[in-house]
Amino acid sequence: GIGRALAERFLRNGSHVIVCGRRADKLEEVRTNNPAIHVRACDVAVADERVSLVDWAVREFPQLDVLVNNAGIQRRLDLAKTEPWETTHAEIAINFEAQIHMCSLMIPHLGKQKRPAIVNVTSGLAFVPLTAAPVYCATKAAFHSFTLSLRDQLKKTPIEVVEIIPPAVNTDLGGPGLHTFGTPLDEFIDAVVAQLQQGSTEIT
């Protein structure tokens with residue numbers, strides 16, 4: 001999806017790139033197709049794994065200067081029906097809690113770099129919700145709000161805060177075949193990279 005496409009484009013443009021994810025098979029696929037990419041298995045829904053990820057990353061890559069918060073799951077949910085809270089909470093943890101914690105963990109390190117940045121991937125659904133995916137939309141709205149506050153609080157530091165606000169993009173988010181009507185992935189990434197190169201901090 002968007003995360004892999006961004007990683008591959010950053011690599012192509014000359015960056016050293018680390019990607020993390022829950023599924024080892026997907027990480028191995030990325031590394032096979034992009035041997036220069038560094039991979040790390042990590043479930044960002046788990047606080048201890050986030051801490052371990054950051055400890056490893058800053059130790060192994062002391063010049064690390066950009067954090068991209070892109071993890072997210074989108075579930076269709078009927079609010080009139082009950083489900084185990086653990087299932088609901090997992091979506092909140094992955095889409096919102098993890099990002100706040102990752103920022104908190106990374107800010108001390110990023111503040112020591114020359115041109116550091118935090119890039120938060122939110123969604124157009126932060127502004128106009130798709131009611132069939134209520135938790136996803138609510139977490140993205142919260143993440144957008146958090147990003148505004150983060151940018152304001154870090155304005156006197158060297159850390160630039162960038163928000164990428166995707167429309168519907170043709171990926172497998174939420175399940176295969178649900179977003180085939182969306183913007184082609186390569187077209188979206190082209191637009192993102194062009195706006196990054198222009199110095200935009202709100203990218204659509």
# chains A, B, ... in the order shown; residues from 1 in each chain; ligands from 1
$ select_by_dssp --residues "range 55-171 of chain A" --states "strand (DSSP E)" --output "count of residues only"
14
$ residues_around --residues "Glu202 in chain A" --least-positions-apart "4" --cutoff "10 Å" --atoms "only C-alpha atoms" --output "ChimeraX atom specification"
/A:119-120,161-165,192,195-196
$ write_last_selection --atoms "all heavy atoms" --output "PDB file, in the first residue's frame"
ATOM      1  N   VAL A 119       6.632  12.560   9.614  1.00  0.00           N
ATOM      2  CA  VAL A 119       5.630  12.529   8.546  1.00  0.00           C
ATOM      3  C   VAL A 119       4.484  11.649   9.020  1.00  0.00           C
ATOM      4  O   VAL A 119       4.649  10.439   9.221  1.00  0.00           O
ATOM      5  CB  VAL A 119       6.235  11.978   7.236  1.00  0.00           C
ATOM      6  CG1 VAL A 119       5.168  11.946   6.136  1.00  0.00           C
ATOM      7  CG2 VAL A 119       7.439  12.803   6.805  1.00  0.00           C
ATOM      8  N   ASN A 120       3.326  12.248   9.206  1.00  0.00           N
ATOM      9  CA  ASN A 120       2.138  11.532   9.671  1.00  0.00           C
ATOM     10  C   ASN A 120       1.160  11.346   8.517  1.00  0.00           C
ATOM     11  O   ASN A 120       0.771  12.317   7.871  1.00  0.00           O
ATOM     12  CB  ASN A 120       1.463  12.295  10.812  1.00  0.00           C
ATOM     13  CG  ASN A 120       2.277  12.278  12.088  1.00  0.00           C
ATOM     14  OD1 ASN A 120       3.122  11.399  12.282  1.00  0.00           O
ATOM     15  ND2 ASN A 120       2.046  13.229  12.971  1.00  0.00           N
ATOM     16  N   VAL A 161       7.134  18.986  10.842  1.00  0.00           N
ATOM     17  CA  VAL A 161       6.019  18.039  10.927  1.00  0.00           C
ATOM     18  C   VAL A 161       5.201  18.133   9.642  1.00  0.00           C
ATOM     19  O   VAL A 161       4.670  19.194   9.304  1.00  0.00           O
ATOM     20  CB  VAL A 161       5.133  18.317  12.157  1.00  0.00           C
ATOM     21  CG1 VAL A 161       3.936  17.373  12.175  1.00  0.00           C
ATOM     22  CG2 VAL A 161       5.961  18.167  13.439  1.00  0.00           C
ATOM     23  N   VAL A 162       5.120  17.019   8.933  1.00  0.00           N
ATOM     24  CA  VAL A 162       4.434  16.944   7.647  1.00  0.00           C
ATOM     25  C   VAL A 162       3.235  16.019   7.789  1.00  0.00           C
ATOM     26  O   VAL A 162       3.324  14.956   8.414  1.00  0.00           O
ATOM     27  CB  VAL A 162       5.384  16.400   6.554  1.00  0.00           C
ATOM     28  CG1 VAL A 162       4.644  16.248   5.226  1.00  0.00           C
ATOM     29  CG2 VAL A 162       6.595  17.307   6.401  1.00  0.00           C
ATOM     30  N   GLU A 163       2.119  16.426   7.221  1.00  0.00           N
ATOM     31  CA  GLU A 163       0.934  15.568   7.206  1.00  0.00           C
ATOM     32  C   GLU A 163       0.599  15.194   5.778  1.00  0.00           C
ATOM     33  O   GLU A 163       0.436  16.063   4.915  1.00  0.00           O
ATOM     34  CB  GLU A 163      -0.267  16.279   7.841  1.00  0.00           C
ATOM     35  CG  GLU A 163      -1.515  15.417   7.889  1.00  0.00           C
ATOM     36  CD  GLU A 163      -2.698  16.096   8.573  1.00  0.00           C
ATOM     37  OE1 GLU A 163      -2.616  17.305   8.870  1.00  0.00           O
ATOM     38  OE2 GLU A 163      -3.720  15.416   8.801  1.00  0.00           O
ATOM     39  N   ILE A 164       0.511  13.903   5.514  1.00  0.00           N
ATOM     40  CA  ILE A 164       0.046  13.403   4.221  1.00  0.00           C
ATOM     41  C   ILE A 164      -1.411  12.998   4.399  1.00  0.00           C
ATOM     42  O   ILE A 164      -1.739  12.210   5.288  1.00  0.00           O
ATOM     43  CB  ILE A 164       0.883  12.203   3.761  1.00  0.00           C
ATOM     44  CG1 ILE A 164       2.341  12.623   3.540  1.00  0.00           C
ATOM     45  CG2 ILE A 164       0.303  11.600   2.484  1.00  0.00           C
ATOM     46  CD1 ILE A 164       3.268  11.479   3.158  1.00  0.00           C
ATOM     47  N   ILE A 165      -2.280  13.556   3.570  1.00  0.00           N
ATOM     48  CA  ILE A 165      -3.729  13.363   3.708  1.00  0.00           C
ATOM     49  C   ILE A 165      -4.246  12.670   2.447  1.00  0.00           C
ATOM     50  O   ILE A 165      -4.663  13.321   1.490  1.00  0.00           O
ATOM     51  CB  ILE A 165      -4.446  14.710   3.937  1.00  0.00           C
ATOM     52  CG1 ILE A 165      -3.778  15.494   5.069  1.00  0.00           C
ATOM     53  CG2 ILE A 165      -5.928  14.488   4.227  1.00  0.00           C
ATOM     54  CD1 ILE A 165      -4.255  16.935   5.194  1.00  0.00           C
ATOM     55  N   VAL A 192       2.653  13.055  -3.897  1.00  0.00           N
ATOM     56  CA  VAL A 192       3.248  13.222  -2.571  1.00  0.00           C
ATOM     57  C   VAL A 192       4.702  13.666  -2.688  1.00  0.00           C
ATOM     58  O   VAL A 192       5.128  14.635  -2.050  1.00  0.00           O
ATOM     59  CB  VAL A 192       3.146  11.913  -1.761  1.00  0.00           C
ATOM     60  CG1 VAL A 192       3.997  11.999  -0.488  1.00  0.00           C
ATOM     61  CG2 VAL A 192       1.699  11.621  -1.403  1.00  0.00           C
ATOM     62  N   GLN A 195       5.138  17.256  -3.838  1.00  0.00           N
ATOM     63  CA  GLN A 195       4.833  18.249  -2.803  1.00  0.00           C
ATOM     64  C   GLN A 195       5.888  18.249  -1.691  1.00  0.00           C
ATOM     65  O   GLN A 195       6.211  19.306  -1.138  1.00  0.00           O
ATOM     66  CB  GLN A 195       3.437  17.993  -2.242  1.00  0.00           C
ATOM     67  CG  GLN A 195       2.337  18.301  -3.260  1.00  0.00           C
ATOM     68  CD  GLN A 195       0.957  17.940  -2.746  1.00  0.00           C
ATOM     69  OE1 GLN A 195       0.435  18.592  -1.842  1.00  0.00           O
ATOM     70  NE2 GLN A 195       0.383  16.890  -3.303  1.00  0.00           N
ATOM     71  N   LEU A 196       6.439  17.088  -1.373  1.00  0.00           N
ATOM     72  CA  LEU A 196       7.544  17.037  -0.418  1.00  0.00           C
ATOM     73  C   LEU A 196       8.734  17.834  -0.933  1.00  0.00           C
ATOM     74  O   LEU A 196       9.359  18.601  -0.184  1.00  0.00           O
ATOM     75  CB  LEU A 196       7.968  15.598  -0.158  1.00  0.00           C
ATOM     76  CG  LEU A 196       7.091  14.754   0.752  1.00  0.00           C
ATOM     77  CD1 LEU A 196       7.544  13.295   0.729  1.00  0.00           C
ATOM     78  CD2 LEU A 196       7.102  15.280   2.183  1.00  0.00           C
TER      79      LEU A 196
END
$ residues_around --residues "Val135 in chain A" --least-positions-apart "6" --cutoff "12 Å" --atoms "only C-alpha atoms" --output "JSON, numbers by chain"
{"A": [72, 73, 74, 75, 76, 77, 78, 79, 87, 88, 89, 90, 91, 92, 93, 94, 95, 96, 125, 126, 129, 141, 142]}
$ closest_residue --among "A:Ala47, A:Val17, A:Cys103, A:Ala7" --to "Thr147 in chain A" --atoms "only C-alpha atoms"
A:Cys103
$ residues_around --residues "Pro116 in chain A" --least-positions-apart "6" --cutoff "6 Å" --atoms "only C-alpha atoms" --output "compact mmCIF listing (two decimals) with all heavy atoms, in the first residue's frame"
# COMPACT_ATOMS: atom_id res chain seq x y z
N ASP A 65 16.83 10.37 10.57
CA ASP A 65 16.33 11.74 10.73
C ASP A 65 14.88 11.95 10.28
O ASP A 65 14.38 13.08 10.31
CB ASP A 65 17.24 12.75 10.01
CG ASP A 65 17.41 12.46 8.53
OD1 ASP A 65 16.78 11.51 8.01
OD2 ASP A 65 18.18 13.20 7.88
N VAL A 66 14.21 10.89 9.87
CA VAL A 66 12.80 11.01 9.48
C VAL A 66 12.01 9.83 10.07
O VAL A 66 12.44 8.68 9.96
CB VAL A 66 12.61 11.03 7.95
CG1 VAL A 66 11.12 11.08 7.59
CG2 VAL A 66 13.33 12.22 7.33
N LEU A 110 15.41 12.79 17.15
CA LEU A 110 15.27 13.64 15.97
C LEU A 110 15.75 15.06 16.23
O LEU A 110 16.31 15.71 15.34
CB LEU A 110 13.81 13.65 15.49
CG LEU A 110 13.27 12.33 14.92
CD1 LEU A 110 11.78 12.46 14.63
CD2 LEU A 110 14.03 11.92 13.67
N ILE A 159 12.63 20.10 14.13
CA ILE A 159 11.80 19.02 13.58
C ILE A 159 10.63 19.59 12.79
O ILE A 159 9.79 20.30 13.33
CB ILE A 159 11.28 18.10 14.69
CG1 ILE A 159 12.44 17.53 15.52
CG2 ILE A 159 10.44 16.97 14.09
CD1 ILE A 159 12.00 16.77 16.76
$ residues_around --residues "Ala71 in chain A" --least-positions-apart "5" --cutoff "10 Å" --atoms "only C-alpha atoms" --output "PyMOL selection string"
chain A and resi 2-3+20-21+43-45+94-96+98-99+120-122
$ closest_residue --among "A:Val19, A:Leu27, A:Ala132, A:Ala194" --to "Ala80 in chain A" --atoms "only C-alpha atoms"
A:Ala132
$ residues_around --residues "range 156-158 of chain A" --least-positions-apart "2" --cutoff "10 Å" --atoms "only C-alpha atoms" --output "ChimeraX atom specification"
/A:107,110-117,151-154,160-161
$ write_last_selection --atoms "N, CA and C atoms" --output "tab-separated table (two decimals), in the first residue's frame"
chain	number	residue	atom	x	y	z
A	107	ILE	N	11.22	11.90	19.25
A	107	ILE	CA	11.52	13.34	19.30
A	107	ILE	C	12.89	13.64	19.92
A	110	LEU	N	15.41	12.79	17.15
A	110	LEU	CA	15.27	13.64	15.97
A	110	LEU	C	15.75	15.06	16.23
A	111	GLY	N	15.53	15.54	17.43
A	111	GLY	CA	15.93	16.91	17.76
A	111	GLY	C	17.41	17.16	17.65
A	112	LYS	N	18.22	16.11	17.59
A	112	LYS	CA	19.67	16.24	17.48
A	112	LYS	C	20.16	16.20	16.03
A	113	GLN	N	19.24	15.97	15.09
A	113	GLN	CA	19.63	15.84	13.69
A	113	GLN	C	19.57	17.20	12.99
A	114	LYS	N	20.19	17.29	11.81
A	114	LYS	CA	20.28	18.57	11.11
A	114	LYS	C	18.96	18.97	10.46
A	115	ARG	N	18.31	18.04	9.78
A	115	ARG	CA	17.06	18.36	9.08
A	115	ARG	C	16.05	17.25	9.34
A	116	PRO	N	15.59	17.14	10.57
A	116	PRO	CA	14.69	16.03	10.92
A	116	PRO	C	13.23	16.34	10.55
A	117	ALA	N	12.47	15.27	10.43
A	117	ALA	CA	11.04	15.44	10.13
A	117	ALA	C	10.25	14.27	10.69
A	151	ARG	N	2.87	19.95	15.36
A	151	ARG	CA	3.57	20.93	14.54
A	151	ARG	C	3.74	22.25	15.30
A	152	ASP	N	2.70	22.67	15.99
A	152	ASP	CA	2.79	23.94	16.72
A	152	ASP	C	3.79	23.83	17.88
A	153	GLN	N	3.77	22.72	18.61
A	153	GLN	CA	4.66	22.59	19.75
A	153	GLN	C	6.12	22.43	19.35
A	154	LEU	N	6.36	21.89	18.14
A	154	LEU	CA	7.74	21.67	17.70
A	154	LEU	C	8.27	22.79	16.81
A	160	GLU	N	10.59	19.26	11.51
A	160	GLU	CA	9.46	19.65	10.66
A	160	GLU	C	8.38	18.57	10.75
A	161	VAL	N	7.13	18.99	10.84
A	161	VAL	CA	6.02	18.04	10.93
A	161	VAL	C	5.20	18.13	9.64
$ select_by_dssp --residues "chain A" --states "alpha helix (DSSP H)" --output "ChimeraX atom specification"
/A:2-12,24-33,47-60,85-92,98-110,134-153,185-197
$ closest_residue --among "A:Asn70, A:Thr201, A:Ser104, A:Thr183" --to "Leu6 in chain A" --atoms "only C-alpha atoms"
A:Asn70
